[in-house]
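Report on the following structure.
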Number of protein chains: 2
Amino acid sequence: MRVAVVGATGAVGRRMVSILEERSFPVDELIPLASQRSVDRAVAFHGADVQVRELTHEALDGVDLALASAGAAVSRQFLPSAAAAGAICVDNSSAFRMDPNVALCIPEVNPESLDAHPKIISVPNCTTITAMLPMGPLHRAAGLHALVISSYQSVSGAGWKGVVELEEQIEELHGHEEELGHPVLDTLPVGEVFGKTIAFNVVPKIAAFEDDDYTSEEAKMMAEPRKILGIPDLFVAATAVRVPSLFAHAVSLYAEFSLPITPGEARQVLSSAPGVELRDDPEHGVYPTPMEAGGRDDALVGRIRRAADRDNALLLFSCADNLRKGAALNAIQIAEVVFGARHPIK
Amino acid sequence: MRVAVVGATGAVGRRMVSILEERSFPVDELIPLASQRSVDRAVAFHGADVQVRELTHEALDGVDLALASAGAAVSRQFLPSAAAAGAICVDNSSAFRMDPNVALCIPEVNPESLDAHPKIISVPNCTTITAMLPMGPLHRAAGLHALVISSYQSVSGAGWKGVVELEEQIEELHGHEEELGHPVLDTLPVGEVFGKTIAFNVVPKIAAFEDDDYTSEEAKMMAEPRKILGIPDLFVAATAVRVPSLFAHAVSLYAEFSLPITPGEARQVLSSAPGVELRDDPEHGVYPTPMEAGGRDDALVGRIRRAADRDNALLLFSCADNLRKGAALNAIQIAEVVFGARHPIK
């Protein structure tokens, strides 16, 4: 199979190449594509260095599978023609997610979205995926009707430059921690990626503000669950917050269901849910953190509690590697379903 | 006035001494008290070094005001007798907060709790204060009936040792950031204060788990608002999360009211609310972060949005210095009201 990785030198693209290798995806030819300024680079694949090529329409000629993670504008420019020429296009960007003709798929949650054999398949937003991995099975068990999400999103969600910006600010501020207890507005480092200091801080703004004062990240977190779960009138209220963690997002969830559901029932549902590793044993100090989810395939889910006196409402906390399950891995799992490749979804 | 500071060498105690000075509280004699291992230390106050004394019942004899921040056990041991002897005791611990005979006071929000001239007055939990500064005035405007809180709490909330633990882990992990993208469970630094790695991570557990799988921090965040706002049946669902920030807590709030309220009306209410500085102008990129709240007296509040199609529900984000407004400042503001001292609440 001829497999193109669009955006092969980015944080997600690099994970895509390594996950293709680690899952032994049937790649006959790997075609790493990037913008012109990255064409002097190579990516390691099964022991060989594969030269990066410039992304052009011609470079996508004859590929069987295009895995794209180079932003919405690039996807809009290149994927429709590749799909029309016969390629399966799995897209990590937001370009086509809400298009009614495009599948928005988390293979463990809504594999039926692939039944119509779509040519373009979108990977949901990484924070949406972190929330939907536990909410999908809980919805099937008890009928989700309202969701309040507050996120704790890692710097790598902004790409490798986000990691670098955090590292640089740590260098600048470490050793001066005590001074930060006093007003320091004039001297804080303000980076280009996050707009405010991210080291030793949290930033409740991810991507741009929209007309309704939500950010576009929050808009995705509210719209995508409705499509993934097939609940057009699902109430979702989302607040997206960047935190100085590295490789996994976390979400704090308040969920209301149509039917009563206890924490014990939720644990039972999630203990056998694909893509979820239950880590919820408070008596023995077991609960998830995003750092522990880094580099792992499954979302780590725990802190399941009944919400006060509401027998149909739960609180929970979910963490998932935003570059892997939130992006690269989910894309390749989609391709595995489409091509019937080696790793079927558990 | 003879003013004792119980726990004078701790993170909050140090802030208490400096805030007494900066607000020119009418102190005739400052009596810094601490456990025996700190009695060789001194605290700076109005240009003099005041020797720390060992906390004993005798040391509290004849004080007019005791400001306590040395934990619930210490407060239970020493404050009732001091109060019986005539001292006003303002307590930062959780020891007496839910006692129906004790006032639980944020002076800007429920000053009426002081009307009965209580001898012991509790300062609410720091995260509760961060949430209640905006919710108090919004409740008066529209009648709060449900609240979902997810917190972003700084390491100094665990005292100075929390700051040190974060600094040590930063030293250990900085330079190895990329490795954290791979499973690293066996090599992560696990500190005594936070139980899991806090550097480059978030930890959804603050204090101990209780029988219902909530932490005691979350239990405080759910019980205290009912008492402060005088709404016994207020629904509160809280998730308390430690993040690697330093000197201010943040809360993401979803609030449902009895009456409709628009974001514009909420902004109008909060623009004149005491203890609140509104920072909410998305069009011009204005929103709050906890680092900007560090060292400041007011909570910074912003990100006000209408929750989907519910005209009686809002989302907002509030940040406040957990050592100042979340503890030391709030205690001294209570004392200012009780003693009619110089700084009346705005």
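Labels for the structure tokens follow display order: chains A, B, ..., residues from 1 in each chain, ligands from 1.
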
Residues within 9 Å of Leu55 (chain A), only C-alpha atoms, excluding chain neighbours under 3 positions, as a PyMOL selection string
chain A and resi 6-7+32-36+58-60+78

With N, CA, C and O atoms kept, could you save the residues just selected as a PDB file, in the first residue's frame?
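And here's selection-v4.pdb as it stands now:
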```
ATOM      1  N   VAL A   6       0.989  13.481   5.374  1.00  0.00           N
ATOM      2  CA  VAL A   6       1.021  14.919   5.053  1.00  0.00           C
ATOM      3  C   VAL A   6       1.286  15.679   6.343  1.00  0.00           C
ATOM      4  O   VAL A   6       0.500  15.618   7.285  1.00  0.00           O
ATOM      5  N   GLY A   7       2.409  16.390   6.388  1.00  0.00           N
ATOM      6  CA  GLY A   7       2.850  17.027   7.624  1.00  0.00           C
ATOM      7  C   GLY A   7       3.744  16.088   8.412  1.00  0.00           C
ATOM      8  O   GLY A   7       3.679  16.014   9.635  1.00  0.00           O
ATOM      9  N   PRO A  32       6.557  10.539   2.905  1.00  0.00           N
ATOM     10  CA  PRO A  32       6.438  11.634   3.867  1.00  0.00           C
ATOM     11  C   PRO A  32       6.437  12.969   3.133  1.00  0.00           C
ATOM     12  O   PRO A  32       7.343  13.258   2.348  1.00  0.00           O
ATOM     13  N   LEU A  33       5.405  13.773   3.393  1.00  0.00           N
ATOM     14  CA  LEU A  33       5.246  15.039   2.681  1.00  0.00           C
ATOM     15  C   LEU A  33       5.222  16.189   3.693  1.00  0.00           C
ATOM     16  O   LEU A  33       4.711  16.043   4.804  1.00  0.00           O
ATOM     17  N   ALA A  34       5.769  17.312   3.283  1.00  0.00           N
ATOM     18  CA  ALA A  34       5.783  18.486   4.163  1.00  0.00           C
ATOM     19  C   ALA A  34       5.930  19.721   3.296  1.00  0.00           C
ATOM     20  O   ALA A  34       6.029  19.630   2.073  1.00  0.00           O
ATOM     21  N   SER A  35       5.938  20.869   3.947  1.00  0.00           N
ATOM     22  CA  SER A  35       6.110  22.098   3.184  1.00  0.00           C
ATOM     23  C   SER A  35       7.553  22.185   2.688  1.00  0.00           C
ATOM     24  O   SER A  35       8.431  21.460   3.157  1.00  0.00           O
ATOM     25  N   GLN A  36       7.774  23.111   1.781  1.00  0.00           N
ATOM     26  CA  GLN A  36       9.061  23.164   1.091  1.00  0.00           C
ATOM     27  C   GLN A  36      10.239  23.316   2.039  1.00  0.00           C
ATOM     28  O   GLN A  36      11.313  22.768   1.807  1.00  0.00           O
ATOM     29  N   GLU A  58       0.710  16.514  -7.210  1.00  0.00           N
ATOM     30  CA  GLU A  58       1.346  15.394  -7.901  1.00  0.00           C
ATOM     31  C   GLU A  58       1.899  14.373  -6.913  1.00  0.00           C
ATOM     32  O   GLU A  58       1.862  13.163  -7.156  1.00  0.00           O
ATOM     33  N   ALA A  59       2.411  14.882  -5.786  1.00  0.00           N
ATOM     34  CA  ALA A  59       3.008  13.968  -4.807  1.00  0.00           C
ATOM     35  C   ALA A  59       1.978  13.003  -4.249  1.00  0.00           C
ATOM     36  O   ALA A  59       2.324  11.938  -3.738  1.00  0.00           O
ATOM     37  N   LEU A  60       0.687  13.386  -4.330  1.00  0.00           N
ATOM     38  CA  LEU A  60      -0.368  12.519  -3.810  1.00  0.00           C
ATOM     39  C   LEU A  60      -0.942  11.592  -4.881  1.00  0.00           C
ATOM     40  O   LEU A  60      -1.815  10.763  -4.588  1.00  0.00           O
ATOM     41  N   PHE A  78      -5.624  20.048  -0.427  1.00  0.00           N
ATOM     42  CA  PHE A  78      -5.077  18.849  -1.054  1.00  0.00           C
ATOM     43  C   PHE A  78      -5.946  17.595  -0.957  1.00  0.00           C
ATOM     44  O   PHE A  78      -5.850  16.709  -1.804  1.00  0.00           O
TER      45      PHE A  78
END
```

Show me, as a list of chain:residue names, the residues that have an atom within 8 Å of region 99-110 of chain B when counting only C-alpha atoms, minus same-chain residues fewer than 3 positions from it.
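So, after excluding close chain neighbours, the residues are B:Phe96, B:Ser113, B:Leu114, B:Pro118, B:Lys119, B:Ile120, B:Ile121, B:Ser122, B:Val123, B:Pro124, B:Ile129, B:Met132, B:Leu133, B:Gly136, B:Pro137, B:Glu224, B:Lys227, B:Ile228, B:Leu229, B:Pro274, B:Gly275, B:Asn330, B:Gln333, B:Ile334, B:Val337, B:Ile345, B:Lys346.
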
Can you write out the residues you just picked, keeping N, CA and C atoms, as a compact mmCIF listing (two decimals), in the first residue's frame?
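The resulting file, part.txt, is shown below:
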```txt
# COMPACT_ATOMS: atom_id res chain seq x y z
N PHE B 96 -13.54 24.70 62.04
CA PHE B 96 -14.85 25.15 62.54
C PHE B 96 -15.78 25.64 61.44
N SER B 113 -22.63 37.64 57.97
CA SER B 113 -22.29 36.52 58.86
C SER B 113 -21.59 37.01 60.13
N LEU B 114 -21.11 38.26 60.11
CA LEU B 114 -20.43 38.81 61.29
C LEU B 114 -21.37 39.55 62.21
N PRO B 118 -19.68 36.86 66.27
CA PRO B 118 -19.06 35.59 66.65
C PRO B 118 -17.62 35.81 67.12
N LYS B 119 -17.18 34.95 68.04
CA LYS B 119 -15.79 35.03 68.53
C LYS B 119 -14.84 34.28 67.61
N ILE B 120 -15.34 33.16 67.04
CA ILE B 120 -14.53 32.42 66.07
C ILE B 120 -15.14 32.64 64.69
N ILE B 121 -14.31 33.03 63.78
CA ILE B 121 -14.75 33.28 62.41
C ILE B 121 -13.83 32.50 61.48
N SER B 122 -14.41 31.69 60.63
CA SER B 122 -13.59 30.88 59.73
C SER B 122 -13.46 31.54 58.36
N VAL B 123 -12.26 31.44 57.83
CA VAL B 123 -11.99 31.82 56.44
C VAL B 123 -12.32 30.60 55.58
N PRO B 124 -13.11 30.76 54.53
CA PRO B 124 -13.41 29.59 53.69
C PRO B 124 -12.17 29.04 53.01
N ILE B 129 -13.28 30.47 48.00
CA ILE B 129 -13.24 31.93 47.90
C ILE B 129 -13.11 32.37 46.44
N MET B 132 -16.51 31.98 44.97
CA MET B 132 -17.61 32.76 45.55
C MET B 132 -17.50 34.26 45.27
N LEU B 133 -16.29 34.76 45.05
CA LEU B 133 -16.19 36.21 44.78
C LEU B 133 -17.04 36.62 43.59
N GLY B 136 -21.12 35.20 44.40
CA GLY B 136 -21.95 35.90 45.38
C GLY B 136 -22.80 36.98 44.72
N PRO B 137 -22.19 37.92 44.05
CA PRO B 137 -23.00 38.97 43.39
C PRO B 137 -23.91 38.43 42.29
N GLU B 224 -19.18 24.41 51.55
CA GLU B 224 -19.01 25.80 52.00
C GLU B 224 -19.86 26.81 51.22
N LYS B 227 -23.30 27.30 52.75
CA LYS B 227 -23.33 28.10 53.98
C LYS B 227 -23.06 29.58 53.67
N ILE B 228 -22.08 29.86 52.84
CA ILE B 228 -21.72 31.26 52.55
C ILE B 228 -22.87 31.99 51.87
N LEU B 229 -23.48 31.32 50.88
CA LEU B 229 -24.55 31.98 50.13
C LEU B 229 -25.91 31.79 50.79
N PRO B 274 -17.29 44.17 44.73
CA PRO B 274 -16.07 44.28 45.52
C PRO B 274 -15.28 42.99 45.49
N GLY B 275 -13.96 43.12 45.47
CA GLY B 275 -13.10 41.95 45.47
C GLY B 275 -12.96 41.28 44.12
N ASN B 330 -8.04 37.62 53.28
CA ASN B 330 -9.44 37.47 53.70
C ASN B 330 -9.55 37.47 55.23
N GLN B 333 -9.08 41.07 56.37
CA GLN B 333 -10.29 41.85 56.03
C GLN B 333 -11.41 41.57 57.02
N ILE B 334 -11.53 40.31 57.47
CA ILE B 334 -12.53 39.99 58.49
C ILE B 334 -12.22 40.78 59.77
N VAL B 337 -13.23 44.37 59.56
CA VAL B 337 -14.66 44.60 59.78
C VAL B 337 -14.97 44.52 61.27
N ILE B 345 -14.28 47.34 53.66
CA ILE B 345 -14.46 46.64 52.39
C ILE B 345 -15.04 47.62 51.38
N LYS B 346 -14.40 47.64 50.23
CA LYS B 346 -14.89 48.51 49.15
C LYS B 346 -16.36 48.23 48.88
```

Considering only C-alpha atoms, return as a list in words whatever protein or nucleic-acid residues lie within 12 Å of Asp211 (chain B), sequence-local ones (same chain, fewer than 2 positions apart) excluded.
Asp281, Pro282, Glu283 and Arg305 of chain A; Ala208, Phe209, Asp213, Tyr214, Thr215, Ser216 and Ala219 of chain B

Region 183-335 of chain B: residues DSSP assigns to alpha helix (DSSP H), reported as a PyMOL selection string:
chain B and resi 216-229+263-271+290-293+329-335

Let's see if you can do this: from backbone DSSP, list all strand (DSSP E or B) residues in region 114-273 of chain B, as a ChimeraX atom specification.
/B:120-122,144-153,203,209,215,235-239,242,248-257

Output for the residues just chosen: N, CA, C and O atoms as a short mmCIF file (atom, residue, chain, number, x, y, z; two decimals), in the first residue's frame:
```cif
data_model
loop_
_atom_site.label_atom_id
_atom_site.label_comp_id
_atom_site.auth_asym_id
_atom_site.auth_seq_id
_atom_site.Cartn_x
_atom_site.Cartn_y
_atom_site.Cartn_z
N ILE B 120 -15.34 33.16 67.04
CA ILE B 120 -14.53 32.42 66.07
C ILE B 120 -15.14 32.64 64.69
O ILE B 120 -16.35 32.48 64.50
N ILE B 121 -14.31 33.03 63.78
CA ILE B 121 -14.75 33.28 62.41
C ILE B 121 -13.83 32.50 61.48
O ILE B 121 -12.60 32.63 61.58
N SER B 122 -14.41 31.69 60.63
CA SER B 122 -13.59 30.88 59.73
C SER B 122 -13.46 31.54 58.36
O SER B 122 -14.42 32.11 57.83
N LEU B 144 -28.71 31.74 42.31
CA LEU B 144 -27.95 30.55 41.92
C LEU B 144 -28.66 29.30 42.40
O LEU B 144 -29.12 29.24 43.53
N HIS B 145 -28.74 28.26 41.56
CA HIS B 145 -29.23 27.00 42.10
C HIS B 145 -28.37 25.79 41.78
O HIS B 145 -28.52 24.74 42.41
N ALA B 146 -27.43 25.89 40.85
CA ALA B 146 -26.53 24.76 40.59
C ALA B 146 -25.18 25.28 40.12
O ALA B 146 -25.10 26.28 39.40
N LEU B 147 -24.14 24.55 40.52
CA LEU B 147 -22.78 24.99 40.25
C LEU B 147 -21.91 23.76 39.99
O LEU B 147 -21.92 22.81 40.78
N VAL B 148 -21.21 23.75 38.85
CA VAL B 148 -20.21 22.72 38.57
C VAL B 148 -18.85 23.41 38.56
O VAL B 148 -18.66 24.39 37.82
N ILE B 149 -17.92 22.95 39.38
CA ILE B 149 -16.61 23.59 39.54
C ILE B 149 -15.52 22.60 39.20
O ILE B 149 -15.48 21.50 39.77
N SER B 150 -14.61 22.99 38.32
CA SER B 150 -13.36 22.26 38.15
C SER B 150 -12.24 23.24 38.48
O SER B 150 -12.22 24.36 37.96
N SER B 151 -11.32 22.82 39.34
CA SER B 151 -10.30 23.77 39.80
C SER B 151 -8.95 23.50 39.17
O SER B 151 -8.66 22.41 38.66
N TYR B 152 -8.13 24.54 39.20
CA TYR B 152 -6.75 24.53 38.74
C TYR B 152 -5.97 25.15 39.90
O TYR B 152 -5.83 26.37 39.96
N GLN B 153 -5.48 24.32 40.84
CA GLN B 153 -4.97 24.83 42.10
C GLN B 153 -3.45 24.80 42.15
O GLN B 153 -2.83 23.81 41.77
N VAL B 203 -2.71 16.84 38.73
CA VAL B 203 -3.02 15.76 39.67
C VAL B 203 -4.44 15.96 40.20
O VAL B 203 -4.68 16.87 41.00
N PHE B 209 -8.94 11.03 50.04
CA PHE B 209 -10.24 10.55 49.57
C PHE B 209 -11.15 10.28 50.76
O PHE B 209 -10.71 9.77 51.80
N THR B 215 -12.61 13.88 47.28
CA THR B 215 -11.54 14.25 48.20
C THR B 215 -12.11 15.24 49.23
O THR B 215 -13.17 15.85 49.02
N PHE B 235 -27.09 22.84 44.50
CA PHE B 235 -26.38 21.70 43.90
C PHE B 235 -24.97 22.15 43.55
O PHE B 235 -24.78 23.14 42.84
N VAL B 236 -23.96 21.45 44.08
CA VAL B 236 -22.57 21.73 43.71
C VAL B 236 -21.89 20.41 43.37
O VAL B 236 -21.98 19.44 44.14
N ALA B 237 -21.22 20.38 42.25
CA ALA B 237 -20.42 19.22 41.84
C ALA B 237 -19.01 19.73 41.58
O ALA B 237 -18.80 20.57 40.72
N ALA B 238 -18.04 19.24 42.38
CA ALA B 238 -16.69 19.80 42.32
C ALA B 238 -15.64 18.74 42.01
O ALA B 238 -15.71 17.61 42.50
N THR B 239 -14.67 19.14 41.20
CA THR B 239 -13.48 18.34 40.94
C THR B 239 -12.27 19.22 41.21
O THR B 239 -12.12 20.28 40.59
N ARG B 242 -4.80 19.69 41.16
CA ARG B 242 -3.56 20.44 41.38
C ARG B 242 -2.85 20.62 40.04
O ARG B 242 -2.77 19.67 39.25
N ALA B 248 -1.61 31.23 42.67
CA ALA B 248 -3.03 31.57 42.55
C ALA B 248 -3.79 30.35 42.06
O ALA B 248 -3.29 29.57 41.25
N HIS B 249 -4.98 30.19 42.57
CA HIS B 249 -5.88 29.14 42.11
C HIS B 249 -6.77 29.70 41.00
O HIS B 249 -7.03 30.91 40.94
N ALA B 250 -7.26 28.81 40.17
CA ALA B 250 -8.27 29.19 39.18
C ALA B 250 -9.41 28.18 39.25
O ALA B 250 -9.22 27.04 39.67
N VAL B 251 -10.60 28.63 38.87
CA VAL B 251 -11.76 27.74 38.79
C VAL B 251 -12.50 27.98 37.49
O VAL B 251 -12.69 29.13 37.06
N SER B 252 -12.90 26.89 36.87
CA SER B 252 -13.80 26.92 35.72
C SER B 252 -15.19 26.62 36.27
O SER B 252 -15.41 25.60 36.91
N LEU B 253 -16.13 27.55 36.04
CA LEU B 253 -17.44 27.48 36.67
C LEU B 253 -18.54 27.35 35.62
O LEU B 253 -18.55 28.07 34.63
N TYR B 254 -19.47 26.42 35.87
CA TYR B 254 -20.73 26.36 35.15
C TYR B 254 -21.81 26.64 36.19
O TYR B 254 -21.90 25.93 37.20
N ALA B 255 -22.60 27.69 35.97
CA ALA B 255 -23.56 28.14 36.99
C ALA B 255 -24.95 28.26 36.38
O ALA B 255 -25.13 28.89 35.34
N GLU B 256 -25.93 27.67 37.07
CA GLU B 256 -27.34 27.77 36.66
C GLU B 256 -28.10 28.63 37.67
O GLU B 256 -27.97 28.44 38.88
N PHE B 257 -28.91 29.52 37.14
CA PHE B 257 -29.65 30.47 37.98
C PHE B 257 -31.15 30.25 37.85
O PHE B 257 -31.63 29.64 36.88
#
```

If you count only C-alpha atoms, the residue of A:Ala307, A:Val190, A:Met16, A:Val286 closest to chain B turns out to be A:Ala307

Residues of chain B were defined as contacting chain A if any atom lay at most 6 Å from it, counting only C-alpha atoms; please report them as a PyMOL selection string.
chain B and resi 181-183+200-201+203+237+244-245+247+289+291+294-295+307

Selected residues written out with N, CA, C and O atoms, as a PDB file, in the first residue's frame:
```pdb
ATOM      1  N   GLY B 181       7.100  11.817  26.457  1.00  0.00           N
ATOM      2  CA  GLY B 181       6.107  11.395  25.481  1.00  0.00           C
ATOM      3  C   GLY B 181       6.008   9.883  25.361  1.00  0.00           C
ATOM      4  O   GLY B 181       5.157   9.369  24.651  1.00  0.00           O
ATOM      5  N   HIS B 182       6.878   9.182  26.066  1.00  0.00           N
ATOM      6  CA  HIS B 182       6.874   7.721  26.029  1.00  0.00           C
ATOM      7  C   HIS B 182       6.548   7.212  27.427  1.00  0.00           C
ATOM      8  O   HIS B 182       6.708   7.935  28.395  1.00  0.00           O
ATOM      9  N   PRO B 183       6.075   5.997  27.534  1.00  0.00           N
ATOM     10  CA  PRO B 183       5.675   5.535  28.879  1.00  0.00           C
ATOM     11  C   PRO B 183       6.861   5.570  29.839  1.00  0.00           C
ATOM     12  O   PRO B 183       7.916   5.030  29.544  1.00  0.00           O
ATOM     13  N   PHE B 200       5.090  19.365  35.055  1.00  0.00           N
ATOM     14  CA  PHE B 200       4.637  18.936  33.725  1.00  0.00           C
ATOM     15  C   PHE B 200       3.442  17.983  33.798  1.00  0.00           C
ATOM     16  O   PHE B 200       3.258  17.141  32.921  1.00  0.00           O
ATOM     17  N   ASN B 201       2.640  18.089  34.847  1.00  0.00           N
ATOM     18  CA  ASN B 201       1.526  17.168  35.019  1.00  0.00           C
ATOM     19  C   ASN B 201       0.383  17.920  35.708  1.00  0.00           C
ATOM     20  O   ASN B 201       0.549  19.073  36.132  1.00  0.00           O
ATOM     21  N   VAL B 203      -2.708  16.843  38.725  1.00  0.00           N
ATOM     22  CA  VAL B 203      -3.021  15.757  39.666  1.00  0.00           C
ATOM     23  C   VAL B 203      -4.440  15.963  40.203  1.00  0.00           C
ATOM     24  O   VAL B 203      -4.682  16.871  40.996  1.00  0.00           O
ATOM     25  N   ALA B 237     -21.223  20.376  42.245  1.00  0.00           N
ATOM     26  CA  ALA B 237     -20.415  19.221  41.841  1.00  0.00           C
ATOM     27  C   ALA B 237     -19.009  19.732  41.584  1.00  0.00           C
ATOM     28  O   ALA B 237     -18.803  20.575  40.719  1.00  0.00           O
ATOM     29  N   PRO B 244       0.729  22.693  38.054  1.00  0.00           N
ATOM     30  CA  PRO B 244       2.034  23.260  38.414  1.00  0.00           C
ATOM     31  C   PRO B 244       2.091  24.782  38.260  1.00  0.00           C
ATOM     32  O   PRO B 244       2.980  25.320  37.616  1.00  0.00           O
ATOM     33  N   SER B 245       1.130  25.479  38.834  1.00  0.00           N
ATOM     34  CA  SER B 245       1.205  26.937  38.965  1.00  0.00           C
ATOM     35  C   SER B 245       1.615  27.234  40.399  1.00  0.00           C
ATOM     36  O   SER B 245       1.667  26.340  41.246  1.00  0.00           O
ATOM     37  N   PHE B 247       1.094  30.621  42.698  1.00  0.00           N
ATOM     38  CA  PHE B 247       0.539  31.420  43.787  1.00  0.00           C
ATOM     39  C   PHE B 247      -0.904  31.858  43.586  1.00  0.00           C
ATOM     40  O   PHE B 247      -1.348  32.801  44.241  1.00  0.00           O
ATOM     41  N   THR B 289      -5.574  35.063  33.874  1.00  0.00           N
ATOM     42  CA  THR B 289      -4.816  33.846  34.181  1.00  0.00           C
ATOM     43  C   THR B 289      -4.379  33.928  35.644  1.00  0.00           C
ATOM     44  O   THR B 289      -4.236  35.024  36.194  1.00  0.00           O
ATOM     45  N   MET B 291      -1.462  33.440  37.029  1.00  0.00           N
ATOM     46  CA  MET B 291      -0.205  34.132  37.312  1.00  0.00           C
ATOM     47  C   MET B 291      -0.416  35.635  37.454  1.00  0.00           C
ATOM     48  O   MET B 291       0.233  36.290  38.264  1.00  0.00           O
ATOM     49  N   GLY B 294      -1.503  36.576  40.943  1.00  0.00           N
ATOM     50  CA  GLY B 294      -0.537  36.415  42.029  1.00  0.00           C
ATOM     51  C   GLY B 294      -0.130  37.758  42.611  1.00  0.00           C
ATOM     52  O   GLY B 294       0.238  38.669  41.872  1.00  0.00           O
ATOM     53  N   GLY B 295      -0.194  37.888  43.937  1.00  0.00           N
ATOM     54  CA  GLY B 295       0.196  39.124  44.602  1.00  0.00           C
ATOM     55  C   GLY B 295      -0.868  40.192  44.575  1.00  0.00           C
ATOM     56  O   GLY B 295      -0.653  41.296  45.089  1.00  0.00           O
ATOM     57  N   ALA B 307     -24.229  29.533  28.422  1.00  0.00           N
ATOM     58  CA  ALA B 307     -24.061  28.093  28.215  1.00  0.00           C
ATOM     59  C   ALA B 307     -25.085  27.605  27.199  1.00  0.00           C
ATOM     60  O   ALA B 307     -26.268  27.470  27.502  1.00  0.00           O
TER      61      ALA B 307
END
```

From the options A:Pro134, A:Gly143, A:Asn125, A:Ala42, which residue's atoms come nearest to Gly230 (chain A), counting only C-alpha atoms?
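So, comparing all the options, the nearest one is A:Gly143.
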
Between CA of Gly162 (chain B) and CA of Cys89 (chain B), measure the distance and give it in Å to one decimal.
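About the pair CA of Gly162 (chain B) and CA of Cys89 (chain B): they are 26.7 Å apart.
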
With distances taken over only C-alpha atoms, the candidate from A:Asp40, A:Asp233, A:Asp64, A:Glu21 nearest Arg2 (chain A) is A:Asp64

Residues within 12 Å of Phe25 (chain A), only C-alpha atoms, excluding chain neighbours under 4 positions, as a list in words:
Met1, Arg2, Val3, Met16, Val17, Ser18, Ile19, Leu20, Glu21, Glu29, Leu30, Phe45, His46, Leu65, Leu329, Ile332, Gln333, Ile334, Ala335, Glu336, Val337, Phe339, Gly340, Ala341, Arg342, His343 and Pro344 of chain A

Separation of CA of Met98 (chain B) and CA of Met221 (chain B), in Å?
11.9 Å

Distance CA of Val269 (chain B)-CA of Glu112 (chain B), one decimal place?
19.8 Å
